[in-house]
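To keep things clear, I will list the structure first and then write my remarks on it.
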Amino acid sequence: MSSTFDTIANIIAETCDIPRDSITPDSHAINDLGIDSLDFLDIAFAIDKAFGIKLPLEQWTQEVNDGKATTDQYFVLKNLSARIDELVAAKGA
Amino acid sequence: MRLEYFQLIDRIVDLRLADRTISAEATVPSESTIFEGHFPGYPLMPGVLLAETMAQTSGWLVVAMNRFERMPFLAAVKDAKFRTFVTPGMVLSVNATLLHEGSGYAVTKANISTKGKAICDAVLTLRVMPFPNPEMSEQMRKTAERIGFPNEVPANG
């Protein structure tokens, strides 16, 4: 799996005290790992710092609330990794 | 400071958006009902109010950064250390630096000192969201005026 996934999995393990082995690319941060919104702020902070980006959490939340996206699209870790890769690529473009 | 009303900042003394820093001043009141319980015969400003003082100062910095468009709410206090007792009459210098402005949140590092002596410090996380109602926005603007929030926030301090 990508190094992006490894980085965010390590961040989640450290931030939320979740065993690293239990975090997989198919894990849903909320539904499977039980990460709440406050803990996710810590994770977002660490991800923002690690990748030099700004996760658009408000936009994602709005899209989910409006029914335009599912939480799977942003919070299943392989999908989150893909979103991060897109943001990193966009930053360098 | 009016502890009972959570008015913990007396005056903003410096605000530098380019540097992402703010400094404020606050004088601990000589009398307060809070001191009747904390502690009888030995009045000390509670640590939670010192944390709140750092949060309010951080909050004004975030308010300045977003030009009163959004309201910060305290979400987390980390690595808080209370190094010195704070007693009635002390003049406090409160400083905060924005470490990160995320989407819907901000992280600051803040400290309080008196006469150059460290009192406390912490890393604070604030949720940043639209004002819940116009009344709160208006109240914040009134408070800003009271504490000397600059009318024109300079970009470079």
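Every chain in the structure tokens takes a letter, A first, then B, and so on in the order presented; its residues are numbered from 1, and the ligands are numbered from 1 following the presented order.
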Using only C-alpha atoms, select each residue of chain A with any atom at most 7 Å away from an atom of chain B, and give the selection as number ranges by chain.
A: 54-58
Residue subset to file, keeping C-alpha atoms, as a compact mmCIF listing (two decimals), in the first residue's frame:
```txt
# COMPACT_ATOMS: atom_id res chain seq x y z
CA LYS A 54 -5.03 21.67 4.44
CA LEU A 55 -7.57 18.87 4.56
CA PRO A 56 -10.88 20.44 3.49
CA LEU A 57 -12.79 19.00 6.43
CA GLU A 58 -15.55 21.59 6.32
```
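Every protein, DNA or RNA residue with an atom at most 12 Å from Lys91 in chain A, where only C-alpha atoms count and chain neighbours fewer than 2 positions away do not, is listed here: Phe51, Gly52, Ile53, Lys54, Leu55, Ile84, Asp85, Glu86, Leu87, Val88, Ala89 and Ala93 of chain A.
CA of Pro46 in chain B sits 11.1 Å away from CA of Val28 in chain B.
Taking CA of Asp42 in chain A as the reference point, CA of Ile12 in chain A is found at 9.0 Å.
For the pair CA of Leu92 in chain B and CA of Lys115 in chain B, the separation is 8.0 Å.
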Residues flagged alpha helix (DSSP H) by DSSP in range 56-152 of chain B, as a short mmCIF file (atom, residue, chain, number, x, y, z; two decimals) with C-alpha atoms, in the first residue's frame:
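Resulting contents of selection.cif:
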```cif
data_model
loop_
_atom_site.label_atom_id
_atom_site.label_comp_id
_atom_site.auth_asym_id
_atom_site.auth_seq_id
_atom_site.Cartn_x
_atom_site.Cartn_y
_atom_site.Cartn_z
CA GLN B 56 -9.66 33.83 24.92
CA THR B 57 -6.41 35.44 23.81
CA SER B 58 -5.93 32.73 21.18
CA GLY B 59 -9.54 33.24 20.17
CA TRP B 60 -9.05 36.94 19.50
CA LEU B 61 -6.12 36.09 17.28
CA VAL B 62 -8.28 33.67 15.30
CA VAL B 63 -11.08 36.23 15.11
CA ALA B 64 -8.59 38.73 13.73
CA MET B 65 -7.31 36.24 11.19
CA PRO B 134 -26.17 37.52 15.05
CA GLU B 135 -26.39 38.40 18.74
CA MET B 136 -23.18 36.59 19.50
CA SER B 137 -21.40 38.26 16.62
CA GLU B 138 -22.58 41.65 17.81
CA GLN B 139 -21.53 40.89 21.38
CA MET B 140 -18.08 39.90 20.21
CA ARG B 141 -17.73 43.18 18.37
CA LYS B 142 -18.73 45.09 21.51
CA THR B 143 -16.24 43.15 23.56
CA ALA B 144 -13.59 43.79 20.92
CA GLU B 145 -14.19 47.51 21.28
CA ARG B 146 -13.94 47.30 25.05
#
```
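The protein and nucleic acid residues lying at most 7 Å from Leu124 in chain B are Ala55, Ala76, Val77, Lys78, Val107, Thr108 and Lys109 of chain B, with only C-alpha atoms considered and sequence neighbours fewer than 3 positions away removed.
With only C-alpha atoms taken into account, the protein and nucleic acid residues at most 8 Å from Thr15 in chain A (excluding it and anything under 4 positions from it in its own chain) are A:Ile11, A:Asp39, A:Asp42, A:Ile43.
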Which neighbours of Ile18 in chain A fall inside 10 Å, counting only C-alpha atoms, when residues of the same chain fewer than 6 positions from it are skipped, and could you give them as a compact mmCIF listing (two decimals) with C-alpha atoms, in the first residue's frame?
```
# COMPACT_ATOMS: atom_id res chain seq x y z
CA ALA A 9 -2.09 4.91 9.79
CA ASN A 10 0.89 5.73 11.98
CA ILE A 11 -0.61 9.12 12.82
CA ILE A 12 -3.91 7.51 13.80
CA LEU A 33 -11.81 2.73 14.39
CA GLY A 34 -14.24 4.74 16.52
CA ILE A 35 -12.46 8.04 15.99
```
